[in-house]
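Listing of start.txt, compact mmCIF, C-alpha atoms
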```
# COMPACT_ATOMS: atom_id res chain seq x y z
CA MET A 26 63.29 -14.30 -52.62
CA THR A 27 65.43 -11.16 -52.74
CA ILE A 28 64.30 -7.59 -52.10
CA GLU A 29 64.58 -7.00 -55.85
CA SER A 30 62.38 -9.96 -56.82
CA PHE A 31 59.86 -9.10 -54.09
CA LEU A 32 59.51 -5.58 -55.50
CA LEU A 33 59.37 -6.73 -59.12
CA LYS A 34 56.50 -9.06 -58.15
CA SER A 35 54.82 -6.09 -56.44
CA GLU A 36 54.98 -3.72 -59.38
CA GLY A 37 51.60 -2.87 -60.90
CA GLU A 38 48.15 -1.73 -59.90
CA TRP A 39 46.37 -3.21 -56.90
CA LYS A 40 42.92 -2.92 -55.44
CA SER A 41 43.16 -3.05 -51.66
CA MET A 42 40.61 -3.91 -48.98
CA ARG A 43 41.94 -2.75 -45.62
CA SER A 44 40.51 -3.37 -42.17
CA GLY A 45 41.78 -1.43 -39.18
CA HIS A 46 41.24 -2.59 -35.60
CA SER A 47 41.41 -0.03 -32.83
CA LEU A 48 41.94 -2.38 -29.90
CA ALA A 49 41.17 -0.12 -26.94
CA PHE A 50 37.82 0.98 -28.36
CA GLN A 51 37.03 -2.18 -30.35
CA GLN A 52 36.35 -0.12 -33.42
CA PHE A 53 36.64 -1.33 -36.99
CA GLU A 54 37.69 0.78 -39.94
CA GLU A 55 37.18 -0.31 -43.56
CA VAL A 56 38.96 1.26 -46.49
CA ILE A 57 38.97 0.38 -50.17
CA SER A 58 41.82 1.90 -52.12
CA GLN A 59 43.82 1.71 -55.32
CA ILE A 60 47.58 1.32 -55.08
CA LYS A 61 50.05 1.74 -57.90
CA ILE A 62 53.67 0.60 -57.53
CA THR A 63 56.19 1.66 -60.19
CA ILE A 64 59.86 0.66 -60.16
CA LEU A 65 62.16 3.63 -60.81
CA LYS A 66 65.74 3.89 -62.02
CA LEU A 67 68.50 4.68 -59.53
CA THR A 68 69.41 7.54 -61.86
CA ASP A 69 65.93 9.11 -61.54
CA SER A 70 66.41 12.69 -60.30
CA LYS A 71 63.83 12.25 -57.48
CA VAL A 72 65.70 9.16 -56.28
CA SER A 73 69.08 10.89 -56.17
CA ALA A 74 67.50 13.94 -54.47
CA LEU A 75 66.01 11.70 -51.75
CA LEU A 76 69.30 9.82 -51.26
CA SER A 77 71.27 13.04 -50.91
CA SER A 78 68.74 14.45 -48.39
CA ILE A 79 69.46 11.79 -45.74
CA PRO A 80 72.58 11.06 -43.68
CA LEU A 81 74.89 8.57 -45.41
CA GLN A 82 73.79 4.97 -44.67
CA THR A 83 75.83 1.78 -44.88
CA GLY A 84 74.55 -0.42 -47.72
CA ILE A 85 73.67 -0.46 -51.40
CA PRO A 86 70.63 1.40 -52.79
CA THR A 87 68.54 -0.90 -55.00
CA THR A 88 65.17 -1.04 -56.82
CA PRO A 89 63.69 2.34 -55.86
CA PHE A 90 59.95 2.65 -56.44
CA ARG A 91 57.05 5.06 -56.36
CA MET A 92 53.89 4.14 -54.49
CA ALA A 93 50.71 6.09 -55.22
CA TRP A 94 47.30 5.43 -53.66
CA ASN A 95 43.88 6.80 -53.28
CA ALA A 96 41.47 5.62 -50.66
CA GLU A 97 37.82 5.83 -49.76
CA SER A 98 37.44 5.67 -46.02
CA ASP A 99 34.38 5.05 -43.89
CA TRP A 100 35.80 7.00 -40.98
CA GLU A 101 34.74 10.55 -41.75
CA PRO A 102 31.20 10.85 -40.40
CA ASP A 103 30.63 14.15 -42.25
CA ASP A 104 31.75 12.77 -45.56
CA PRO A 105 31.49 8.98 -45.78
CA ASN A 106 33.05 8.86 -49.22
CA GLN A 107 35.95 11.17 -48.57
CA VAL A 108 38.79 10.27 -50.87
CA SER A 109 42.34 10.65 -49.67
CA SER A 110 45.31 10.10 -51.89
CA GLY A 111 49.05 10.43 -51.86
CA GLU A 112 52.30 9.21 -53.26
CA CYS A 113 55.85 8.80 -52.11
CA ILE A 114 59.21 7.50 -53.27
CA LEU A 115 60.82 4.56 -51.48
CA ILE A 116 64.43 3.34 -51.73
CA PRO A 117 65.65 0.05 -50.22
CA ILE A 118 69.25 0.14 -49.01
CA LYS A 119 70.46 -3.43 -48.92
CA GLN A 120 72.74 -4.32 -46.01
CA SER A 121 72.77 -8.10 -46.49
CA GLU A 122 70.95 -10.63 -48.68
CA ASN A 123 67.80 -10.42 -46.53
CA ASN A 124 67.85 -7.15 -44.63
CA GLY A 125 68.45 -3.45 -44.89
CA LEU A 126 66.78 -0.07 -44.68
CA LEU A 127 63.86 1.44 -46.55
CA ILE A 128 63.94 5.21 -47.03
CA ARG A 129 60.60 6.94 -47.63
CA SER A 130 60.22 10.47 -48.97
CA ILE A 131 57.87 13.13 -47.80
CA GLY A 132 54.93 12.80 -50.14
CA TYR A 133 51.98 15.06 -50.46
CA ALA A 134 50.16 12.95 -47.86
CA GLU A 135 53.24 12.18 -45.72
CA SER A 136 54.29 14.73 -43.15
CA GLU A 137 57.80 13.40 -42.68
CA GLN A 138 60.56 11.29 -44.14
CA ALA A 139 61.00 7.86 -42.59
CA ILE A 140 63.84 5.36 -42.39
CA SER A 141 62.53 1.84 -41.73
CA LYS A 142 64.32 -1.46 -41.22
CA TYR A 143 63.26 -4.30 -43.50
CA LYS A 144 63.85 -8.03 -43.34
CA LEU A 145 62.90 -10.91 -45.64
CA LEU A 146 61.93 -13.97 -43.60
CA ASN A 147 62.67 -17.47 -44.85
CA ASP A 148 59.02 -18.02 -45.81
CA ASP A 149 59.30 -14.95 -48.13
CA THR A 150 57.42 -12.59 -45.83
CA PHE A 151 58.70 -9.02 -46.10
CA THR A 152 58.74 -7.24 -42.72
CA LEU A 153 59.16 -3.55 -42.03
CA SER A 154 59.72 -1.75 -38.73
CA THR A 155 59.41 2.03 -38.46
CA GLU A 156 59.77 4.24 -35.38
CA TYR A 157 57.54 7.31 -35.07
CA GLY A 158 58.23 9.27 -31.87
CA GLN A 159 57.06 7.05 -29.01
CA SER A 160 55.52 4.36 -31.22
CA VAL A 161 56.71 1.65 -33.63
CA ALA A 162 54.86 0.37 -36.69
CA GLU A 163 55.56 -3.23 -37.67
CA GLU A 164 54.34 -4.38 -41.05
CA ARG A 165 54.36 -7.74 -42.82
CA ILE A 166 53.64 -8.24 -46.50
CA TRP A 167 53.37 -11.67 -48.12
CA PHE A 168 52.10 -13.10 -51.40
CA ILE A 169 49.41 -15.74 -51.24
CA SER A 170 49.35 -16.05 -55.05
CA PRO A 171 51.11 -14.11 -57.83
CA ASN A 172 48.15 -11.70 -57.92
CA VAL A 173 47.15 -11.46 -54.25
CA ARG A 174 49.22 -9.93 -51.44
CA CYS A 175 48.36 -9.68 -47.75
CA ARG A 176 49.67 -6.92 -45.53
CA SER A 177 49.29 -6.75 -41.76
CA SER A 178 50.44 -3.94 -39.51
CA VAL A 179 50.72 -3.33 -35.80
CA LEU A 180 51.23 0.04 -34.15
CA LYS A 181 52.69 -0.31 -30.65
CA THR A 182 54.38 1.81 -28.03
CA ILE A 183 58.16 1.79 -28.18
CA SER A 184 58.34 -0.27 -24.96
CA GLY A 185 56.42 -2.99 -26.83
CA ASN A 186 53.70 -3.49 -24.24
CA GLY A 187 50.99 -1.18 -25.49
CA ILE A 188 49.40 -2.32 -28.75
CA LEU A 189 47.55 0.65 -30.18
CA GLN A 190 46.05 -0.70 -33.37
CA THR A 191 46.34 -3.41 -35.98
CA SER A 192 45.34 -3.53 -39.61
CA PHE A 193 45.09 -6.04 -42.41
CA SER A 194 44.88 -5.53 -46.16
CA SER A 195 44.04 -7.90 -48.99
CA GLU A 196 45.53 -6.58 -52.22
CA VAL A 197 44.36 -7.98 -55.55
CA ARG A 198 46.20 -7.14 -58.75
CA LYS A 199 44.12 -5.25 -61.28
CA LEU A 200 44.46 -7.17 -64.52
CA ASP A 201 44.22 -5.16 -67.69
CA LEU A 202 42.10 -7.46 -69.83
CA ASN A 203 42.39 -5.13 -72.84
CA GLY A 204 46.12 -5.71 -73.08
CA MET B 13 59.03 -21.89 -29.59
CA THR B 14 57.56 -25.39 -29.42
CA ILE B 15 53.96 -26.39 -30.07
CA GLU B 16 53.60 -26.91 -26.32
CA SER B 17 54.87 -23.44 -25.37
CA PHE B 18 52.78 -21.83 -28.13
CA LEU B 19 49.63 -23.44 -26.73
CA LEU B 20 50.50 -22.67 -23.10
CA LYS B 21 50.89 -19.00 -24.11
CA SER B 22 47.50 -19.21 -25.84
CA GLU B 23 45.58 -20.63 -22.90
CA GLY B 24 43.01 -18.24 -21.43
CA GLU B 25 40.18 -15.98 -22.48
CA TRP B 26 40.47 -13.71 -25.48
CA LYS B 27 38.37 -10.98 -27.00
CA SER B 28 38.64 -11.16 -30.76
CA MET B 29 38.00 -8.55 -33.47
CA ARG B 30 37.78 -10.32 -36.82
CA SER B 31 37.55 -8.79 -40.29
CA GLY B 32 36.65 -10.93 -43.27
CA HIS B 33 37.35 -9.87 -46.86
CA SER B 34 35.33 -11.42 -49.63
CA LEU B 35 37.63 -10.60 -52.55
CA ALA B 36 35.33 -11.20 -55.53
CA PHE B 37 32.59 -8.97 -54.14
CA GLN B 38 34.78 -6.58 -52.13
CA GLN B 39 32.64 -7.12 -49.09
CA PHE B 40 33.78 -6.68 -45.51
CA GLU B 41 32.57 -8.71 -42.56
CA GLU B 42 33.16 -7.66 -38.95
CA VAL B 43 32.79 -10.00 -36.00
CA ILE B 44 33.50 -9.51 -32.33
CA SER B 45 33.76 -12.71 -30.33
CA GLN B 46 34.97 -14.26 -27.12
CA ILE B 47 37.36 -17.21 -27.32
CA LYS B 48 38.33 -19.48 -24.47
CA ILE B 49 41.26 -21.90 -24.78
CA THR B 50 41.73 -24.56 -22.11
CA ILE B 51 44.57 -27.09 -22.08
CA LEU B 52 43.32 -30.64 -21.42
CA LYS B 53 45.04 -33.76 -20.16
CA LEU B 54 45.91 -36.53 -22.60
CA THR B 55 43.99 -38.83 -20.29
CA ASP B 56 40.77 -36.77 -20.64
CA SER B 57 38.06 -39.12 -21.90
CA LYS B 58 37.04 -36.76 -24.74
CA VAL B 59 40.66 -36.65 -25.91
CA SER B 60 41.04 -40.43 -25.98
CA ALA B 61 37.65 -40.77 -27.71
CA LEU B 62 38.73 -38.33 -30.45
CA LEU B 63 42.10 -40.07 -30.89
CA SER B 64 40.48 -43.48 -31.23
CA SER B 65 37.94 -42.15 -33.77
CA ILE B 66 40.58 -41.33 -36.41
CA PRO B 67 42.91 -43.58 -38.43
CA LEU B 68 46.25 -44.12 -36.68
CA GLN B 69 48.67 -41.26 -37.42
CA THR B 70 52.46 -41.21 -37.18
CA GLY B 71 53.57 -38.93 -34.36
CA ILE B 72 53.09 -38.16 -30.69
CA PRO B 73 49.88 -36.58 -29.32
CA THR B 74 50.64 -33.56 -27.13
CA THR B 75 48.91 -30.64 -25.36
CA PRO B 76 45.29 -31.25 -26.35
CA PHE B 77 42.97 -28.30 -25.80
CA ARG B 78 39.38 -27.16 -25.93
CA MET B 79 38.44 -24.04 -27.84
CA ALA B 80 35.07 -22.42 -27.16
CA TRP B 81 33.77 -19.22 -28.74
CA ASN B 82 30.77 -17.09 -29.18
CA ALA B 83 30.46 -14.45 -31.81
CA GLU B 84 28.33 -11.50 -32.77
CA SER B 85 28.29 -11.13 -36.55
CA ASP B 86 27.18 -8.22 -38.70
CA TRP B 87 26.38 -10.49 -41.62
CA GLU B 88 22.82 -11.54 -40.92
CA PRO B 89 20.68 -8.73 -42.31
CA ASP B 90 17.59 -10.05 -40.51
CA ASP B 91 19.30 -10.24 -37.17
CA PRO B 92 22.34 -7.97 -36.91
CA ASN B 93 23.19 -9.16 -33.42
CA GLN B 94 22.84 -12.86 -34.04
CA VAL B 95 25.12 -14.73 -31.70
CA SER B 96 26.76 -17.93 -32.85
CA SER B 97 28.79 -20.10 -30.58
CA GLY B 98 30.54 -23.43 -30.55
CA GLU B 99 33.32 -25.47 -29.11
CA CYS B 100 35.62 -28.24 -30.22
CA ILE B 101 38.54 -30.33 -29.01
CA LEU B 102 41.90 -30.10 -30.77
CA ILE B 103 44.87 -32.45 -30.48
CA PRO B 104 48.30 -31.69 -31.96
CA ILE B 105 50.21 -34.76 -33.14
CA LYS B 106 53.86 -33.85 -33.19
CA GLN B 107 55.88 -35.29 -36.09
CA SER B 108 59.05 -33.25 -35.60
CA GLU B 109 60.14 -30.31 -33.42
CA ASN B 110 58.29 -27.81 -35.63
CA ASN B 111 55.59 -29.65 -37.52
CA GLY B 112 52.82 -32.18 -37.27
CA LEU B 113 49.07 -32.64 -37.50
CA LEU B 114 46.20 -30.98 -35.67
CA ILE B 115 43.09 -33.10 -35.18
CA ARG B 116 39.82 -31.24 -34.63
CA SER B 117 36.65 -32.83 -33.30
CA ILE B 118 33.13 -32.34 -34.53
CA GLY B 119 31.77 -29.67 -32.24
CA TYR B 120 28.26 -28.44 -31.97
CA ALA B 121 29.08 -25.77 -34.56
CA GLU B 122 31.42 -27.93 -36.68
CA SER B 123 29.90 -30.22 -39.25
CA GLU B 124 32.93 -32.45 -39.66
CA GLN B 125 36.17 -33.61 -38.15
CA ALA B 126 39.29 -32.12 -39.67
CA ILE B 127 42.94 -33.13 -39.83
CA SER B 128 45.18 -30.11 -40.51
CA LYS B 129 48.93 -29.83 -40.98
CA TYR B 130 50.71 -27.37 -38.72
CA LYS B 131 54.15 -25.83 -38.85
CA LEU B 132 56.02 -23.45 -36.55
CA LEU B 133 58.09 -20.97 -38.59
CA ASN B 134 61.42 -19.68 -37.30
CA ASP B 135 59.87 -16.32 -36.37
CA ASP B 136 57.43 -18.21 -34.06
CA THR B 137 54.44 -17.94 -36.41
CA PHE B 138 52.14 -20.95 -36.14
CA THR B 139 50.71 -21.98 -39.52
CA LEU B 140 47.86 -24.36 -40.23
CA SER B 141 46.68 -25.83 -43.52
CA THR B 142 43.34 -27.63 -43.82
CA GLU B 143 41.71 -29.15 -46.91
CA TYR B 144 37.93 -28.93 -47.25
CA GLY B 145 36.70 -30.60 -50.46
CA GLN B 146 37.95 -28.42 -53.33
CA SER B 147 39.34 -25.66 -51.11
CA VAL B 148 42.23 -25.18 -48.68
CA ALA B 149 42.27 -22.91 -45.64
CA GLU B 150 45.66 -21.54 -44.62
CA GLU B 151 45.93 -19.87 -41.25
CA ARG B 152 48.75 -18.04 -39.46
CA ILE B 153 48.74 -17.14 -35.79
CA TRP B 154 51.44 -15.03 -34.15
CA PHE B 155 51.92 -13.16 -30.88
CA ILE B 156 52.68 -9.46 -31.06
CA SER B 157 52.88 -9.22 -27.25
CA PRO B 158 52.18 -11.73 -24.47
CA ASN B 159 48.55 -10.56 -24.42
CA VAL B 160 47.83 -9.89 -28.10
CA ARG B 161 47.70 -12.48 -30.89
CA CYS B 162 47.06 -11.92 -34.59
CA ARG B 163 45.48 -14.52 -36.81
CA SER B 164 45.17 -14.34 -40.58
CA SER B 165 43.46 -16.84 -42.84
CA VAL B 166 43.13 -17.42 -46.55
CA LEU B 167 40.61 -19.69 -48.21
CA LYS B 168 41.72 -20.75 -51.68
CA THR B 169 40.89 -23.33 -54.30
CA ILE B 170 42.96 -26.50 -54.10
CA SER B 171 44.82 -25.54 -57.31
CA GLY B 172 46.03 -22.44 -55.46
CA ASN B 173 45.01 -19.90 -58.07
CA GLY B 174 41.59 -18.88 -56.86
CA ILE B 175 41.63 -16.91 -53.62
CA LEU B 176 38.12 -16.95 -52.22
CA GLN B 177 38.41 -14.96 -49.04
CA THR B 178 40.82 -13.72 -46.41
CA SER B 179 40.33 -12.78 -42.79
CA PHE B 180 42.29 -11.19 -39.98
CA SER B 181 41.71 -11.27 -36.23
CA SER B 182 43.21 -9.25 -33.40
CA GLU B 183 42.88 -11.20 -30.16
CA VAL B 184 43.39 -9.43 -26.85
CA ARG B 185 43.67 -11.42 -23.62
CA LYS B 186 40.92 -10.68 -21.13
CA LEU B 187 42.68 -9.88 -17.89
CA ASP B 188 40.85 -10.74 -14.73
CA LEU B 189 41.59 -7.69 -12.63
CA ASN B 190 39.79 -9.17 -9.65
CA GLY B 191 42.37 -11.92 -9.31
```
This entry written out as structure tokens:
Amino acid sequence: MTIESFLLKSEGEWKSMRSGHSLAFQQFEEVISQIKITILKLTDSKVSALLSSIPLQTGIPTTPFRMAWNAESDWEPDDPNQVSSGECILIPIKQSENNGLLIRSIGYAESEQAISKYKLLNDDTFTLSTEYGQSVAEERIWFISPNVRCRSSVLKTISGNGILQTSFSSEVRKLDLNG
Amino acid sequence: MTIESFLLKSEGEWKSMRSGHSLAFQQFEEVISQIKITILKLTDSKVSALLSSIPLQTGIPTTPFRMAWNAESDWEPDDPNQVSSGECILIPIKQSENNGLLIRSIGYAESEQAISKYKLLNDDTFTLSTEYGQSVAEERIWFISPNVRCRSSVLKTISGNGILQTSFSSEVRKLDLNG
């Protein structure tokens, strides 16, 4: 699996069930959301704008994509069906066959740009590590069938000892039966 | 990581938060449970009884252990705090440095013996595959710190195309602060 083939397999519309675990308080969160992944051209003006907004990175930009989502969360006691949505542009910068960087734009639900490190493991799991201030988010995404992906994430302190929360999503491709 | 070191790291008492996703119905399940893992001796009479109850397997038995749990599930509408518990004996049979079989006894919450295949991936993830009639359960367990394990599972049809359900657990070691 290459980063390009992983993303081509990921393109489309997904229905996601996400469970969050807040470990210190033993609280569960449940979110159902829609995710849409669209591969963009490297010549897309939003892609070139994002690339020129960051310091020059070693590596080759490849397979940029847009991710859009909207979620219904159970976590807002005042409004149990609050819908949150957002979208952002992501650009992998390949540094070797199985690792590189992933640049993420500010979106209308993202407060800041992020530069993550990605790696493709030899069982085709895609891993992503992103630093946010004093914490690090580690994500894993893997296919369990062509139409089902799993995604787990861990948020920990930068020292690695404090695990703040974990989450797990099951993503099922929405098949358009009307062609 | 070897199977022996993975199990030694796993010994102890854990508090588990488990989320189940039923994909067809988009239903969530949440379970909090206690898990206790105890390494046994190969000479333990229950271990030898289990080994002699199964057909002879190629490989070397190593690091047998007992797993006991009790769970509070949210899935019984008549009794939201129903507690279920059980225990079983498990024996890895090593066939190479990173793979082999895992034999599981009938326990008082298990209706049948099972023989699973295990593998240790090169990022230290432990994977387990178990066939039950027309379905296969695939599990992954990995440490995200010495005191936190994650466990994901997928239940699919034997043909591999039908994904029936997924689950994810965050397991936090219970530290005995009184020594």
For atom CA of Ile51 of chain B and atom CA of Met13 of chain B, determine how far apart the two atoms are, in Å to one decimal place.
17.1 Å
Shell of 6 Å around Ser130 of chain A, all atoms listed in the file, local chain residues under 3 positions omitted, as a ChimeraX atom specification
/A:113-114,138
Mind doing a quick least-squares superposition of chain B onto chain A, all C-alpha atoms paired one-to-one in order, and writing it out as a compact mmCIF listing (two decimals) with C-alpha atoms, in the coordinates of the input?
```
# COMPACT_ATOMS: atom_id res chain seq x y z
CA MET B 13 63.30 -14.29 -52.57
CA THR B 14 65.43 -11.15 -52.73
CA ILE B 15 64.30 -7.58 -52.10
CA GLU B 16 64.59 -7.01 -55.85
CA SER B 17 62.38 -9.97 -56.82
CA PHE B 18 59.86 -9.08 -54.09
CA LEU B 19 59.51 -5.57 -55.51
CA LEU B 20 59.38 -6.73 -59.13
CA LYS B 21 56.50 -9.06 -58.15
CA SER B 22 54.81 -6.09 -56.45
CA GLU B 23 54.99 -3.72 -59.40
CA GLY B 24 51.61 -2.87 -60.91
CA GLU B 25 48.16 -1.73 -59.90
CA TRP B 26 46.38 -3.19 -56.92
CA LYS B 27 42.93 -2.91 -55.44
CA SER B 28 43.18 -3.03 -51.68
CA MET B 29 40.61 -3.90 -48.99
CA ARG B 30 41.94 -2.74 -45.63
CA SER B 31 40.49 -3.37 -42.17
CA GLY B 32 41.76 -1.44 -39.19
CA HIS B 33 41.21 -2.59 -35.60
CA SER B 34 41.38 -0.04 -32.84
CA LEU B 35 41.91 -2.40 -29.90
CA ALA B 36 41.13 -0.13 -26.94
CA PHE B 37 37.78 0.94 -28.37
CA GLN B 38 36.99 -2.20 -30.38
CA GLN B 39 36.31 -0.12 -33.43
CA PHE B 40 36.61 -1.33 -37.01
CA GLU B 41 37.68 0.77 -39.95
CA GLU B 42 37.17 -0.31 -43.56
CA VAL B 43 38.96 1.27 -46.50
CA ILE B 44 38.98 0.39 -50.17
CA SER B 45 41.83 1.91 -52.14
CA GLN B 46 43.82 1.73 -55.33
CA ILE B 47 47.60 1.33 -55.08
CA LYS B 48 50.06 1.74 -57.90
CA ILE B 49 53.68 0.60 -57.55
CA THR B 50 56.20 1.65 -60.19
CA ILE B 51 59.87 0.64 -60.18
CA LEU B 52 62.17 3.62 -60.82
CA LYS B 53 65.74 3.87 -62.04
CA LEU B 54 68.51 4.66 -59.57
CA THR B 55 69.42 7.52 -61.88
CA ASP B 56 65.94 9.10 -61.58
CA SER B 57 66.42 12.65 -60.33
CA LYS B 58 63.85 12.23 -57.52
CA VAL B 59 65.71 9.14 -56.31
CA SER B 60 69.09 10.88 -56.21
CA ALA B 61 67.51 13.92 -54.51
CA LEU B 62 66.02 11.69 -51.78
CA LEU B 63 69.31 9.82 -51.29
CA SER B 64 71.28 13.03 -50.94
CA SER B 65 68.75 14.45 -48.44
CA ILE B 66 69.47 11.80 -45.78
CA PRO B 67 72.61 11.08 -43.72
CA LEU B 68 74.90 8.57 -45.43
CA GLN B 69 73.81 4.98 -44.69
CA THR B 70 75.83 1.77 -44.90
CA GLY B 71 74.56 -0.41 -47.72
CA ILE B 72 73.69 -0.44 -51.40
CA PRO B 73 70.64 1.39 -52.81
CA THR B 74 68.54 -0.90 -55.02
CA THR B 75 65.17 -1.05 -56.83
CA PRO B 76 63.70 2.32 -55.87
CA PHE B 77 59.97 2.66 -56.46
CA ARG B 78 57.06 5.05 -56.38
CA MET B 79 53.91 4.14 -54.50
CA ALA B 80 50.72 6.09 -55.22
CA TRP B 81 47.31 5.44 -53.68
CA ASN B 82 43.89 6.80 -53.28
CA ALA B 83 41.47 5.63 -50.68
CA GLU B 84 37.83 5.81 -49.76
CA SER B 85 37.45 5.66 -45.98
CA ASP B 86 34.38 5.01 -43.87
CA TRP B 87 35.82 6.93 -40.94
CA GLU B 88 34.77 10.49 -41.66
CA PRO B 89 31.23 10.76 -40.32
CA ASP B 90 30.67 14.06 -42.13
CA ASP B 91 31.80 12.72 -45.46
CA PRO B 92 31.56 8.93 -45.71
CA ASN B 93 33.06 8.85 -49.18
CA GLN B 94 35.96 11.16 -48.53
CA VAL B 95 38.80 10.26 -50.84
CA SER B 96 42.37 10.63 -49.65
CA SER B 97 45.32 10.10 -51.88
CA GLY B 98 49.06 10.45 -51.87
CA GLU B 99 52.30 9.22 -53.27
CA CYS B 100 55.87 8.81 -52.11
CA ILE B 101 59.22 7.49 -53.28
CA LEU B 102 60.84 4.55 -51.49
CA ILE B 103 64.43 3.34 -51.73
CA PRO B 104 65.65 0.06 -50.23
CA ILE B 105 69.25 0.13 -49.01
CA LYS B 106 70.47 -3.42 -48.93
CA GLN B 107 72.74 -4.32 -46.00
CA SER B 108 72.77 -8.09 -46.47
CA GLU B 109 70.92 -10.62 -48.66
CA ASN B 110 67.79 -10.42 -46.49
CA ASN B 111 67.84 -7.15 -44.61
CA GLY B 112 68.46 -3.45 -44.87
CA LEU B 113 66.80 -0.05 -44.67
CA LEU B 114 63.86 1.45 -46.54
CA ILE B 115 63.95 5.21 -47.05
CA ARG B 116 60.62 6.94 -47.64
CA SER B 117 60.24 10.45 -48.99
CA ILE B 118 57.90 13.14 -47.80
CA GLY B 119 54.95 12.82 -50.12
CA TYR B 120 52.01 15.09 -50.43
CA ALA B 121 50.18 12.96 -47.86
CA GLU B 122 53.25 12.18 -45.70
CA SER B 123 54.31 14.72 -43.12
CA GLU B 124 57.82 13.39 -42.67
CA GLN B 125 60.58 11.30 -44.14
CA ALA B 126 61.01 7.88 -42.60
CA ILE B 127 63.84 5.37 -42.40
CA SER B 128 62.52 1.85 -41.72
CA LYS B 129 64.32 -1.45 -41.22
CA TYR B 130 63.26 -4.29 -43.48
CA LYS B 131 63.84 -8.01 -43.33
CA LEU B 132 62.89 -10.89 -45.63
CA LEU B 133 61.91 -13.97 -43.59
CA ASN B 134 62.66 -17.47 -44.85
CA ASP B 135 59.01 -18.00 -45.82
CA ASP B 136 59.29 -14.93 -48.14
CA THR B 137 57.41 -12.56 -45.82
CA PHE B 138 58.68 -9.00 -46.09
CA THR B 139 58.73 -7.22 -42.72
CA LEU B 140 59.16 -3.53 -42.02
CA SER B 141 59.72 -1.73 -38.73
CA THR B 142 59.40 2.05 -38.45
CA GLU B 143 59.75 4.26 -35.36
CA TYR B 144 57.51 7.31 -35.06
CA GLY B 145 58.20 9.26 -31.85
CA GLN B 146 57.02 7.04 -28.98
CA SER B 147 55.49 4.36 -31.21
CA VAL B 148 56.69 1.67 -33.62
CA ALA B 149 54.84 0.39 -36.67
CA GLU B 150 55.55 -3.21 -37.67
CA GLU B 151 54.33 -4.36 -41.05
CA ARG B 152 54.36 -7.72 -42.83
CA ILE B 153 53.64 -8.22 -46.50
CA TRP B 154 53.36 -11.64 -48.13
CA PHE B 155 52.09 -13.07 -51.41
CA ILE B 156 49.40 -15.73 -51.25
CA SER B 157 49.35 -16.04 -55.06
CA PRO B 158 51.11 -14.10 -57.83
CA ASN B 159 48.15 -11.69 -57.92
CA VAL B 160 47.15 -11.44 -54.26
CA ARG B 161 49.22 -9.91 -51.45
CA CYS B 162 48.36 -9.66 -47.76
CA ARG B 163 49.65 -6.91 -45.53
CA SER B 164 49.29 -6.73 -41.77
CA SER B 165 50.43 -3.93 -39.51
CA VAL B 166 50.69 -3.32 -35.80
CA LEU B 167 51.21 0.03 -34.14
CA LYS B 168 52.66 -0.31 -30.65
CA THR B 169 54.34 1.81 -28.02
CA ILE B 170 58.13 1.80 -28.18
CA SER B 171 58.30 -0.28 -24.96
CA GLY B 172 56.38 -2.99 -26.82
CA ASN B 173 53.66 -3.50 -24.24
CA GLY B 174 50.96 -1.20 -25.49
CA ILE B 175 49.37 -2.31 -28.74
CA LEU B 176 47.51 0.65 -30.18
CA GLN B 177 46.03 -0.69 -33.37
CA THR B 178 46.33 -3.40 -35.99
CA SER B 179 45.32 -3.52 -39.62
CA PHE B 180 45.09 -6.04 -42.42
CA SER B 181 44.88 -5.52 -46.18
CA SER B 182 44.04 -7.89 -49.01
CA GLU B 183 45.53 -6.56 -52.23
CA VAL B 184 44.36 -7.97 -55.55
CA ARG B 185 46.22 -7.13 -58.76
CA LYS B 186 44.13 -5.24 -61.29
CA LEU B 187 44.46 -7.16 -64.52
CA ASP B 188 44.22 -5.17 -67.69
CA LEU B 189 42.09 -7.46 -69.80
CA ASN B 190 42.38 -5.16 -72.79
CA GLY B 191 46.10 -5.82 -73.08
```
Within 7 Å of chain B, which residues of chain A show up? Give each one with its shortest atom-to-atom distance in Å (one decimal) and the two atoms involved, counting all atoms listed in the file, rows by chain then rising residue number, as a tab-separated table.
```
residue	atom	partner	partner_atom	distance
A:Ser44	CA	B:Ser31	CA	6.5
A:Ser170	CA	B:Asn173	CA	6.5
A:Asn186	CA	B:Ser157	CA	6.5
A:Phe193	CA	B:Phe180	CA	6.3
```
Excluding same-chain residues fewer than 3 positions from Ile115 of chain B, what lies within 6 Å of it counting all atoms listed in the file, as a PyMOL selection string?
chain B and resi 102-103+126-127
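Here atom CA of Phe77 of chain B is placed at a distance of 17.8 Å from atom CA of Trp154 of chain B.
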Report, in Å with one decimal, the straight-line distance from atom CA of Thr87 of chain A to atom CA of Arg198 of chain A.
23.5 Å
I'd like the neighbourhood of segment 118-126 of chain A as an MDAnalysis selection string, where a residue qualifies if any of its atoms comes within 9 Å (using only C-alpha atoms), though same-chain residues fewer than 6 positions away should be ignored.
chainID A and resid 26:28 82:88 140:147 153
